[in-house]
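Structure file query.cif (mmCIF, C-alpha atoms) is printed below.
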data_run
loop_
_atom_site.label_atom_id
_atom_site.label_comp_id
_atom_site.auth_asym_id
_atom_site.auth_seq_id
_atom_site.Cartn_x
_atom_site.Cartn_y
_atom_site.Cartn_z
CA MET A 1 0.00 0.00 0.00
CA ALA A 2 1.44 3.35 -1.07
CA THR A 3 1.80 5.97 1.67
CA GLY A 4 2.83 9.61 1.77
CA LEU A 5 2.74 12.19 -0.97
CA GLN A 6 2.07 10.60 -4.35
CA LEU A 7 3.93 12.85 -6.79
CA ASN A 8 6.87 12.12 -9.05
CA ILE A 9 10.07 14.06 -8.55
CA PHE A 10 9.74 16.12 -11.72
CA HIS A 11 6.41 17.57 -10.56
CA ARG A 12 7.70 18.02 -7.02
CA LEU A 13 10.50 20.22 -8.38
CA LYS A 14 7.95 22.40 -10.15
CA LEU A 15 5.98 22.79 -6.92
CA ILE A 16 9.15 23.50 -4.94
CA LYS A 17 9.91 26.35 -7.34
CA ILE A 18 6.46 27.86 -6.69
CA VAL A 19 6.63 27.33 -2.93
CA VAL A 20 10.08 28.94 -2.65
CA ALA A 21 8.88 31.90 -4.73
CA LEU A 22 5.85 32.30 -2.46
CA GLY A 23 8.03 32.10 0.63
CA LEU A 24 10.36 34.77 -0.72
CA LEU A 25 7.44 37.01 -1.67
CA PHE A 26 5.56 36.84 1.64
CA SER A 27 8.71 37.08 3.75
CA MET A 28 9.82 40.22 1.93
CA LEU A 29 6.36 41.73 2.26
CA CYS A 30 6.39 41.01 6.00
CA SER A 31 9.72 42.87 6.29
CA TYR A 32 9.09 45.53 3.64
CA ASN A 33 10.89 48.29 5.60
CA LEU A 34 14.09 46.30 5.17
CA TRP A 35 13.86 46.53 1.40
CA ALA A 36 12.53 50.00 0.62
CA GLY A 37 11.33 53.24 2.13
CA GLN A 38 12.42 55.87 4.65
CA ARG A 39 13.99 54.67 7.89
CA TRP A 40 16.19 55.79 10.76
CA TYR A 41 18.00 52.50 11.24
CA PRO A 42 21.19 52.73 9.15
CA VAL A 43 21.85 50.81 5.96
CA CYS A 44 24.92 48.57 6.16
CA PRO A 45 26.29 48.26 2.62
CA VAL A 46 29.25 46.07 1.75
CA PHE A 47 30.90 49.11 0.14
CA SER A 48 30.52 52.33 2.09
CA ASN A 49 29.52 54.52 -0.85
CA TRP A 50 26.81 52.16 -2.14
CA TYR A 51 23.37 53.50 -1.40
CA ILE A 52 20.03 53.91 -3.17
CA ALA A 53 17.86 56.48 -1.47
CA PRO A 54 14.07 56.38 -1.26
CA PRO A 55 11.91 56.48 -3.29
CA TYR A 56 14.25 54.93 -5.90
CA ASP A 57 14.68 51.79 -3.82
CA TYR A 58 11.00 51.04 -4.48
CA ILE A 59 11.96 50.36 -8.10
CA LEU A 60 14.13 47.44 -7.03
CA PHE A 61 11.45 46.17 -4.67
CA ALA A 62 8.80 46.34 -7.40
CA ALA A 63 11.12 44.53 -9.83
CA GLU A 64 11.61 41.80 -7.21
CA ILE A 65 7.87 41.25 -6.83
CA ILE A 66 7.32 41.19 -10.60
CA LEU A 67 10.12 38.64 -11.13
CA ILE A 68 8.79 36.42 -8.34
CA LEU A 69 5.26 36.45 -9.77
CA LEU A 70 6.58 35.64 -13.24
CA LEU A 71 8.71 32.82 -11.86
CA MET A 72 5.67 31.20 -10.28
CA VAL A 73 3.85 30.82 -13.61
CA ALA A 74 6.69 30.53 -16.13
CA ASP A 75 7.77 27.25 -17.71
CA LYS A 76 11.17 28.55 -18.82
CA THR A 77 12.71 29.81 -15.62
CA ARG A 78 16.47 30.09 -16.08
CA LEU A 79 16.50 33.76 -17.13
CA LEU A 80 14.01 34.74 -14.41
CA ILE A 81 15.99 32.96 -11.71
CA PHE A 82 19.21 34.55 -12.96
CA LEU A 83 17.66 38.03 -12.79
CA LEU A 84 16.28 37.31 -9.31
CA LEU A 85 19.64 36.10 -8.05
CA VAL A 86 21.43 39.15 -9.46
CA LEU A 87 18.83 41.49 -7.95
CA ASN A 88 18.98 39.74 -4.58
CA LEU A 89 22.76 39.95 -4.61
CA ALA A 90 22.42 43.69 -5.22
CA PHE A 91 20.00 43.92 -2.28
CA VAL A 92 22.56 42.31 0.03
CA LEU A 93 25.44 44.44 -1.27
CA LEU A 94 23.34 47.53 -0.54
CA ASP A 95 22.45 46.37 2.98
CA GLN A 96 23.92 43.31 4.70
CA ASN A 97 21.00 43.13 7.14
CA ARG A 98 19.02 41.63 4.24
CA LEU A 99 21.09 38.46 4.36
CA GLN A 100 18.61 36.80 6.70
CA PRO A 101 18.67 32.99 7.08
CA TRP A 102 15.41 32.57 5.16
CA PHE A 103 16.66 34.88 2.39
CA PHE A 104 19.87 32.88 2.10
CA ILE A 105 18.04 29.54 2.01
CA TYR A 106 15.40 30.59 -0.52
CA ASN A 107 18.05 32.01 -2.81
CA SER A 108 20.15 28.87 -2.43
CA PHE A 109 17.18 26.81 -3.57
CA LEU A 110 16.78 29.14 -6.55
CA LEU A 111 20.49 28.82 -7.34
CA VAL A 112 20.18 25.03 -7.44
CA LEU A 113 17.10 25.27 -9.69
CA PHE A 114 18.96 27.70 -11.97
CA PHE A 115 21.25 24.86 -13.08
CA TYR A 116 18.34 22.46 -13.59
CA ASN A 117 17.17 22.11 -17.22
CA TRP A 118 13.60 20.91 -16.46
CA ARG A 119 13.84 17.90 -18.78
CA ILE A 120 11.56 15.04 -17.81
CA ASP A 121 13.42 12.45 -19.89
CA ASN A 122 16.61 12.49 -17.80
CA VAL A 123 16.08 10.63 -14.53
CA ASN A 124 19.66 11.09 -13.37
CA ASN A 125 19.46 14.83 -13.87
CA TYR A 126 16.27 15.72 -12.03
CA ASN A 127 16.85 13.13 -9.30
CA SER A 128 20.28 14.62 -8.60
CA PHE A 129 18.93 18.14 -8.25
CA PHE A 130 16.19 16.84 -5.98
CA ILE A 131 18.79 15.23 -3.70
CA ILE A 132 20.80 18.47 -3.62
CA LEU A 133 17.70 20.33 -2.39
CA GLN A 134 17.18 17.63 0.24
CA LEU A 135 20.75 18.19 1.46
CA CYS A 136 20.12 21.95 1.69
CA PHE A 137 16.97 21.41 3.72
CA CYS A 138 18.49 18.92 6.18
CA ALA A 139 21.58 21.02 6.89
CA VAL A 140 19.34 23.76 8.34
CA TYR A 141 18.10 21.44 11.10
CA VAL A 142 21.47 19.82 11.79
CA TYR A 143 23.24 23.13 12.41
CA SER A 144 20.24 24.78 14.06
CA GLY A 145 20.39 21.93 16.58
CA LEU A 146 24.16 22.17 17.07
CA GLN A 147 23.94 25.93 17.62
CA LYS A 148 21.56 25.37 20.54
CA PHE A 149 24.16 23.50 22.63
CA ASN A 150 24.80 26.54 24.80
CA PRO A 151 23.53 27.82 28.16
CA GLY A 152 21.87 30.87 26.60
CA PHE A 153 19.32 28.73 24.76
CA VAL A 154 18.23 26.66 27.76
CA ASN A 155 18.36 29.45 30.33
CA GLU A 156 17.03 32.41 28.36
CA THR A 157 15.78 31.84 24.81
CA TYR A 158 13.75 28.66 25.39
CA PRO A 159 11.96 29.91 28.57
CA TRP A 160 11.02 33.08 26.68
CA PHE A 161 9.92 31.04 23.67
CA ILE A 162 7.46 28.87 25.65
CA LYS A 163 6.34 31.70 27.95
CA PRO A 164 2.80 31.86 26.41
CA ILE A 165 2.16 28.36 27.79
CA ALA A 166 2.36 29.82 31.32
CA ALA A 167 -1.22 31.06 30.95
CA PHE A 168 -2.47 27.46 30.89
CA VAL A 169 -0.22 25.63 33.40
CA SER A 170 0.95 26.03 36.98
CA ASP A 171 4.30 27.52 37.97
CA ARG A 172 5.62 24.06 38.90
CA GLN A 173 4.57 22.64 35.54
CA MET A 174 6.24 25.59 33.82
CA ILE A 175 9.53 24.83 35.60
CA THR A 176 9.33 21.26 34.27
CA LEU A 177 8.51 22.50 30.75
CA ASN A 178 11.53 24.81 30.80
CA LYS A 179 13.75 21.77 31.31
CA THR A 180 12.53 20.28 28.02
CA GLY A 181 14.80 22.84 26.34
CA TYR A 182 17.67 20.40 26.84
CA VAL A 183 15.97 18.00 24.41
CA ILE A 184 15.34 20.49 21.58
CA PRO A 185 18.87 20.41 20.06
CA PHE A 186 18.71 16.62 19.88
CA ILE A 187 15.27 16.74 18.23
CA GLU A 188 16.54 19.11 15.53
CA LEU A 189 19.62 16.96 14.97
CA PHE A 190 17.42 13.89 14.64
CA ILE A 191 15.19 15.69 12.12
CA GLY A 192 18.17 16.78 10.02
CA PHE A 193 19.74 13.34 9.82
CA GLY A 194 16.48 11.39 10.08
CA LEU A 195 15.08 12.95 6.92
CA LEU A 196 18.10 11.64 5.03
CA ILE A 197 17.71 8.10 6.42
CA LYS A 198 14.69 6.45 4.82
CA PRO A 199 13.96 3.86 7.55
CA VAL A 200 13.39 6.62 10.15
CA ARG A 201 11.93 9.22 7.82
CA PHE A 202 8.40 8.28 8.91
CA ILE A 203 9.30 9.67 12.37
CA ALA A 204 11.25 12.72 11.19
CA ILE A 205 8.51 14.10 8.90
CA PRO A 206 5.82 14.30 11.64
CA LEU A 207 8.43 15.86 13.94
CA VAL A 208 9.13 18.59 11.37
CA ILE A 209 5.43 19.36 11.06
CA LEU A 210 4.90 19.33 14.83
CA LEU A 211 7.95 21.52 15.43
CA HIS A 212 6.83 24.21 13.00
CA VAL A 213 3.19 24.14 14.12
CA ILE A 214 4.34 24.72 17.71
CA ILE A 215 6.61 27.56 16.59
CA LEU A 216 3.70 29.15 14.71
CA LEU A 217 1.49 28.95 17.79
CA LEU A 218 4.11 30.30 20.19
CA MET A 219 5.57 32.98 17.92
CA GLY A 220 2.35 34.06 16.22
CA PRO A 221 -0.31 36.60 17.31
CA LEU A 222 -1.67 34.17 19.91
CA GLY A 223 1.79 33.73 21.47
CA ASN A 224 4.83 35.99 21.67
CA ASN A 225 3.73 37.85 18.51
CA TYR A 226 7.37 38.20 17.54
CA ASN A 227 9.04 38.65 14.15
CA ALA A 228 6.25 38.24 11.59
CA VAL A 229 8.71 36.92 9.00
CA VAL A 230 8.86 33.58 10.84
CA TRP A 231 5.18 32.91 10.17
CA PRO A 232 5.41 32.35 6.38
CA TRP A 233 8.83 30.77 6.92
CA ASN A 234 7.43 28.03 9.17
CA ILE A 235 4.54 27.30 6.81
CA ILE A 236 6.92 27.06 3.86
CA MET A 237 9.23 24.69 5.75
CA ILE A 238 6.32 22.32 6.41
CA ILE A 239 5.36 22.29 2.74
CA LEU A 240 8.96 21.82 1.61
CA ALA A 241 9.42 18.93 4.05
CA LEU A 242 6.43 17.14 2.49
CA LEU A 243 7.52 17.85 -1.08
CA LEU A 244 11.11 16.77 -0.43
CA PHE A 245 10.61 13.72 1.76
CA SER A 246 7.04 12.42 1.91
CA GLY A 247 6.15 9.35 -0.16
CA LYS A 248 8.35 7.89 -2.87
CA THR A 249 11.34 10.19 -3.34
CA ASN A 250 13.59 8.11 -5.56
CA GLU A 251 13.36 7.01 -9.17
CA ARG A 252 14.31 3.73 -10.80
CA PHE A 253 17.45 3.66 -12.94
CA PHE A 254 18.99 6.54 -10.96
CA SER A 255 22.78 6.43 -10.71
CA VAL A 256 24.17 8.25 -7.67
CA SER A 257 27.43 8.84 -9.53
CA HIS A 258 25.64 11.50 -11.59
CA LEU A 259 25.30 13.60 -8.45
CA PHE A 260 29.06 14.03 -8.25
CA LYS A 261 29.23 15.36 -11.80
CA LEU A 262 27.26 18.50 -10.91
CA PRO A 263 29.34 21.51 -9.75
CA VAL A 264 26.35 22.88 -7.80
CA PHE A 265 26.49 19.77 -5.58
CA TYR A 266 29.95 20.79 -4.33
CA LEU A 267 28.83 24.39 -3.90
CA VAL A 268 25.90 23.27 -1.72
CA MET A 269 28.14 20.97 0.33
CA LEU A 270 30.49 23.91 0.91
CA LEU A 271 27.83 26.46 1.86
CA PHE A 272 25.47 24.21 3.80
CA TRP A 273 27.64 21.51 5.33
CA ILE A 274 31.29 22.60 5.50
CA LEU A 275 31.44 26.35 6.18
CA PRO A 276 28.87 26.23 9.04
CA VAL A 277 31.29 23.94 10.90
CA PHE A 278 33.71 26.87 11.12
CA ASN A 279 31.07 29.03 12.80
CA LEU A 280 31.01 26.59 15.71
CA ALA A 281 34.53 27.89 16.37
CA GLY A 282 33.61 31.50 15.55
CA LYS A 283 35.19 31.51 12.07
CA TRP A 284 32.16 31.94 9.79
CA GLU A 285 28.99 34.04 9.55
CA THR A 286 26.42 33.21 12.22
CA TYR A 287 23.23 33.56 10.18
CA LEU A 288 24.77 31.62 7.29
CA SER A 289 25.30 28.79 9.78
CA PHE A 290 21.59 28.59 10.69
CA SER A 291 21.86 29.86 14.24
CA LEU A 292 18.09 30.21 14.54
CA TYR A 293 16.87 31.41 17.96
CA SER A 294 19.85 29.67 19.51
CA GLY A 295 20.41 32.24 22.25
CA ASN A 296 24.01 32.41 21.10
CA ASN A 297 24.60 35.12 18.52
CA HIS A 298 26.96 38.07 18.67
CA ASN A 299 25.41 40.98 20.54
CA ALA A 300 26.18 44.57 21.44
CA LYS A 301 24.82 47.67 23.08
CA MET A 302 25.72 51.36 22.86
CA ILE A 303 26.14 53.42 26.03
CA LEU A 304 25.38 57.13 25.60
CA SER A 305 26.28 60.12 27.72
CA ASP A 306 23.51 62.52 28.71
CA GLU A 307 24.72 64.96 26.08
CA ALA A 308 24.67 62.33 23.31
CA TYR A 309 21.19 61.24 24.33
CA ASN A 310 19.87 64.79 24.26
CA ARG A 311 21.22 65.26 20.73
CA LEU A 312 19.55 62.11 19.39
CA PRO A 313 16.52 62.53 17.11
CA TYR A 314 13.31 62.01 19.08
CA TYR A 315 12.41 58.91 17.08
CA VAL A 316 15.69 57.17 17.93
CA ARG A 317 15.26 58.01 21.62
CA HIS A 318 12.32 55.60 21.50
CA PHE A 319 14.87 52.76 21.34
CA THR A 320 16.94 54.11 24.23
CA TYR A 321 16.65 52.87 27.81
CA TYR A 322 17.85 54.43 31.06
CA GLU A 323 19.67 51.68 32.95
CA GLY A 324 22.09 51.96 35.85
CA GLY A 325 22.33 55.72 35.53
CA GLN A 326 23.15 55.71 31.81
CA TYR A 327 21.37 55.66 28.47
CA VAL A 328 21.62 52.43 26.47
CA VAL A 329 20.67 51.59 22.86
CA TYR A 330 20.10 47.96 21.88
CA PRO A 331 20.63 47.70 18.08
CA LYS A 332 18.86 44.33 17.82
CA GLU A 333 15.64 45.69 19.26
CA TRP A 334 15.87 48.84 17.16
CA CYS A 335 16.31 46.82 13.95
CA LEU A 336 13.50 44.38 14.72
CA THR A 337 11.05 47.13 15.63
CA GLU A 338 11.72 49.39 12.68
CA LEU A 339 12.64 46.94 9.91
CA LYS A 340 10.46 44.01 11.07
CA THR A 341 13.41 41.63 10.93
CA PRO A 342 16.36 40.77 13.19
CA LEU A 343 19.71 42.50 12.89
CA TYR A 344 22.40 40.59 11.01
CA PRO A 345 24.52 39.67 14.04
CA GLU A 346 28.11 40.36 13.04
CA LYS A 347 30.60 42.76 14.60
CA ARG A 348 30.92 44.92 11.49
CA ILE A 349 27.14 45.55 11.57
CA PHE A 350 27.21 46.64 15.22
CA LYS A 351 30.11 48.95 14.40
CA ARG A 352 28.12 50.47 11.55
CA VAL A 353 25.20 51.20 13.90
CA PHE A 354 27.65 52.59 16.44
CA GLU A 355 29.13 54.99 13.87
CA HIS A 356 25.63 56.00 12.77
CA ILE A 357 24.62 56.87 16.32
CA LYS A 358 27.72 59.01 16.69
CA VAL A 359 26.85 60.88 13.50
CA ILE A 360 23.17 61.53 14.26
CA SER A 361 24.00 62.59 17.82
CA ASN A 362 27.05 64.65 16.75
CA SER A 363 29.13 62.77 19.31
CA THR A 364 32.61 61.33 19.78
CA ASN A 365 33.90 58.08 21.26
CA GLU A 366 33.82 59.80 24.63
CA ASP A 367 30.05 60.28 24.43
CA VAL A 368 29.10 56.96 22.79
CA LYS A 369 30.70 53.63 23.68
CA LEU A 370 30.26 50.25 22.01
CA VAL A 371 30.03 47.18 24.24
CA TYR A 372 30.41 44.08 22.05
CA ILE A 373 29.61 40.54 23.25
CA GLU A 374 31.11 37.64 21.29
CA LYS A 375 29.07 34.46 20.79
CA LEU A 376 30.16 31.29 22.54
CA ASN A 377 31.80 28.49 20.57
CA LEU A 378 30.29 25.01 20.59
CA PHE A 379 29.95 23.66 24.17
CA GLU A 380 31.82 26.69 25.50
CA LYS A 381 30.60 27.92 28.89
CA ALA A 382 29.82 31.54 29.62
CA GLN A 383 32.39 33.35 31.75
#

In structure tokens, what does this structure look like?
Amino acid sequence: MATGLQLNIFHRLKLIKIVVALGLLFSMLCSYNLWAGQRWYPVCPVFSNWYIAPPYDYILFAAEIILILLLMVADKTRLLIFLLLVLNLAFVLLDQNRLQPWFFIYNSFLLVLFFYNWRIDNVNNYNSFFIILQLCFCAVYVYSGLQKFNPGFVNETYPWFIKPIAAFVSDRQMITLNKTGYVIPFIELFIGFGLLIKPVRFIAIPLVILLHVIILLLMGPLGNNYNAVVWPWNIIMIILALLLFSGKTNERFFSVSHLFKLPVFYLVMLLFWILPVFNLAGKWETYLSFSLYSGNNHNAKMILSDEAYNRLPYYVRHFTYYEGGQYVVYPKEWCLTELKTPLYPEKRIFKRVFEHIKVISNSTNEDVKLVYIEKLNLFEKAQ
């Protein structure tokens, strides 16, 4: 008796293209301030003199939406995907905060599909590209789990994450629930590897669905109501899990050796499986290593003198707190509130915000100080 999703791989790839396009579209709409329009939070371009001022940035945003809509309905997609990838690269060069984990993953899927020729008569070809997408998907869970092996996740992030449950259980039950945070990294690791191992895939798929449904409930309007971008992201991940792993996901007459003939296979292995290892030792980008709500990203705050605070624009003062007899700005909160998406957590980004605050407050290093907090390496204990 056949079980699971009954679709051949060729048609699954077509649906994956549409689903990824939808995910990109809705995620960008949820964080529209990040892509276009007036804002106080500074842009963080790769090259300091690169900048497109409003309202001209709306042209790029409109072009993005048009290309996504065309990609969803087009049969010949290579040119559209190429234009999207070039445009999205330009977006990131103009502001590094746009290199969010979901943006990186969606574009990686599109990059893989760019090299696919959409021929139904070549089993080795479309099966190989399907496997490459499976490898992309699984790496997210493997490294998301590894990144959570730190005290910040269990002691801070996870208790905050499940806080909405406190309305329905006793304090003692809540203490017990907080301890389940120790299991979460192992669950994500099992999902990542379990999806690749067919005999246990029937357990991993329901776990993926359950995990993302719980996240939607706890992070959505009925829960923490935090970071609207994660809502379409979690729905898309459920759909992709079913398309990539449910039912029969291999074809007869497929030769695995064909996989190793595709250059994009090695590129995916580098970006999704090798480079994230270096982040566990602090040698690679955090968001490109799928550190998703791990409680262990780089962080910083800016301490302002009274004079610097008084010279800040009134709008920016909204993100300033008076703590311990001094004014403090938290860039992460400022970014999330204004741009509807988290700050890209790297030191160079915090420095850019720091320099921006000095400029808009007409201050020096004496009036504004940067306090930078480095993330912990794997299994490293906080000092």

So, counting only C-alpha atoms, which residue among A:Leu304, A:Leu34, A:Leu336, A:Leu5 is closest to Leu370 in chain A? A:Leu304

Evaluating the PyMOL selection byres ((chain A and resi 56-68) around 9) on the displayed file yields which residues, as a PyMOL selection string? chain A and resi 21-22+24-25+32+35-37+52-55+69-72+80-81+83-84+87-88+91

Output file for the residues above (C-alpha atoms, as a short mmCIF file (atom, residue, chain, number, x, y, z; two decimals), in the frame of the given file):
data_model
loop_
_atom_site.label_atom_id
_atom_site.label_comp_id
_atom_site.auth_asym_id
_atom_site.auth_seq_id
_atom_site.Cartn_x
_atom_site.Cartn_y
_atom_site.Cartn_z
CA ALA A 21 8.88 31.90 -4.73
CA LEU A 22 5.85 32.30 -2.46
CA LEU A 24 10.36 34.77 -0.72
CA LEU A 25 7.44 37.01 -1.67
CA TYR A 32 9.09 45.53 3.64
CA TRP A 35 13.86 46.53 1.40
CA ALA A 36 12.53 50.00 0.62
CA GLY A 37 11.33 53.24 2.13
CA ILE A 52 20.03 53.91 -3.17
CA ALA A 53 17.86 56.48 -1.47
CA PRO A 54 14.07 56.38 -1.26
CA PRO A 55 11.91 56.48 -3.29
CA LEU A 69 5.26 36.45 -9.77
CA LEU A 70 6.58 35.64 -13.24
CA LEU A 71 8.71 32.82 -11.86
CA MET A 72 5.67 31.20 -10.28
CA LEU A 80 14.01 34.74 -14.41
CA ILE A 81 15.99 32.96 -11.71
CA LEU A 83 17.66 38.03 -12.79
CA LEU A 84 16.28 37.31 -9.31
CA LEU A 87 18.83 41.49 -7.95
CA ASN A 88 18.98 39.74 -4.58
CA PHE A 91 20.00 43.92 -2.28
#

Starting from the PyMOL selection byres ((chain A and resi 234-238) around 7), expand the selection into actual residues of this file and give them as number ranges by chain. A: 19, 23, 208-209, 212, 216, 230-233, 239-242

Starting from the displayed file, determine the output of the PyMOL selection byres ((chain A and resi 246) around 12) and express the residue list as a ChimeraX atom specification. /A:2-9,12,134,195-196,198,200-206,208-209,238-245,247-250

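All residues of protein, DNA or RNA that reach within 12 Å of Gln100 in chain A, judged by only C-alpha atoms and not counting those fewer than 6 positions away in the chain, are Leu24, Ser27, Met28, Ser31, Leu34, Asn88, Phe91, Val92, Tyr106, Asn107, Val229, Val230, Trp233, Glu285, Thr286, Tyr287, Leu288, Ser289, Phe290, Ser291, Leu292, Lys340, Thr341, Pro342, Leu343, Tyr344, Pro345 and Glu346 of chain A.
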
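Across the structure, CA of Leu189 in chain A and CA of Phe104 in chain A are spaced 20.5 Å apart.
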
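Within 10 Å of Glu156 in chain A, once all atoms listed in the file are used and residues closer than 4 positions along the same chain are dropped, the contacting residues are A:Pro151, A:Gly152, A:Trp160, A:Phe161, A:Asn178, A:Ser294, A:Gly295.
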
Those same residues, written as a CSV table (one decimal), in the frame of the given file with C-alpha atoms?
chain,number,residue,atom,x,y,z
A,151,PRO,CA,23.5,27.8,28.2
A,152,GLY,CA,21.9,30.9,26.6
A,160,TRP,CA,11.0,33.1,26.7
A,161,PHE,CA,9.9,31.0,23.7
A,178,ASN,CA,11.5,24.8,30.8
A,294,SER,CA,19.8,29.7,19.5
A,295,GLY,CA,20.4,32.2,22.2

Please identify all polymer residues within 7 Å of range 257-265 of chain A, counting only C-alpha atoms, omitting same-chain residues fewer than 3 positions from it, and present them as a count of residues only. 6

So that I can check the surroundings of range 320-330 of chain A, please list as a PDB file with C-alpha atoms, in the frame of the given file every protein, DNA and RNA residue that reaches within 9 Å of it, counting all atoms listed in the file and ignoring chain neighbours fewer than 5 positions away.
ATOM      1  CA  ASN A 299      25.410  40.980  20.540  1.00  0.00           C
ATOM      2  CA  ALA A 300      26.180  44.570  21.440  1.00  0.00           C
ATOM      3  CA  LYS A 301      24.820  47.670  23.080  1.00  0.00           C
ATOM      4  CA  MET A 302      25.720  51.360  22.860  1.00  0.00           C
ATOM      5  CA  ILE A 303      26.140  53.420  26.030  1.00  0.00           C
ATOM      6  CA  LEU A 304      25.380  57.130  25.600  1.00  0.00           C
ATOM      7  CA  SER A 305      26.280  60.120  27.720  1.00  0.00           C
ATOM      8  CA  ASP A 306      23.510  62.520  28.710  1.00  0.00           C
ATOM      9  CA  TYR A 309      21.190  61.240  24.330  1.00  0.00           C
ATOM     10  CA  CYS A 335      16.310  46.820  13.950  1.00  0.00           C
TER      11      CYS A 335
END

Of the residues A:Leu222, A:Arg352, A:Asn377, A:Phe149, which is the one nearest to Ala167 in chain A, using only C-alpha atoms? A:Leu222

For each of A:Tyr116, A:Ala308, A:Glu333, A:Ala90, take the minimum atom-to-atom distance to Lys369 in chain A, counting all atoms listed in the file, then give the residue where this is smallest. A:Ala308
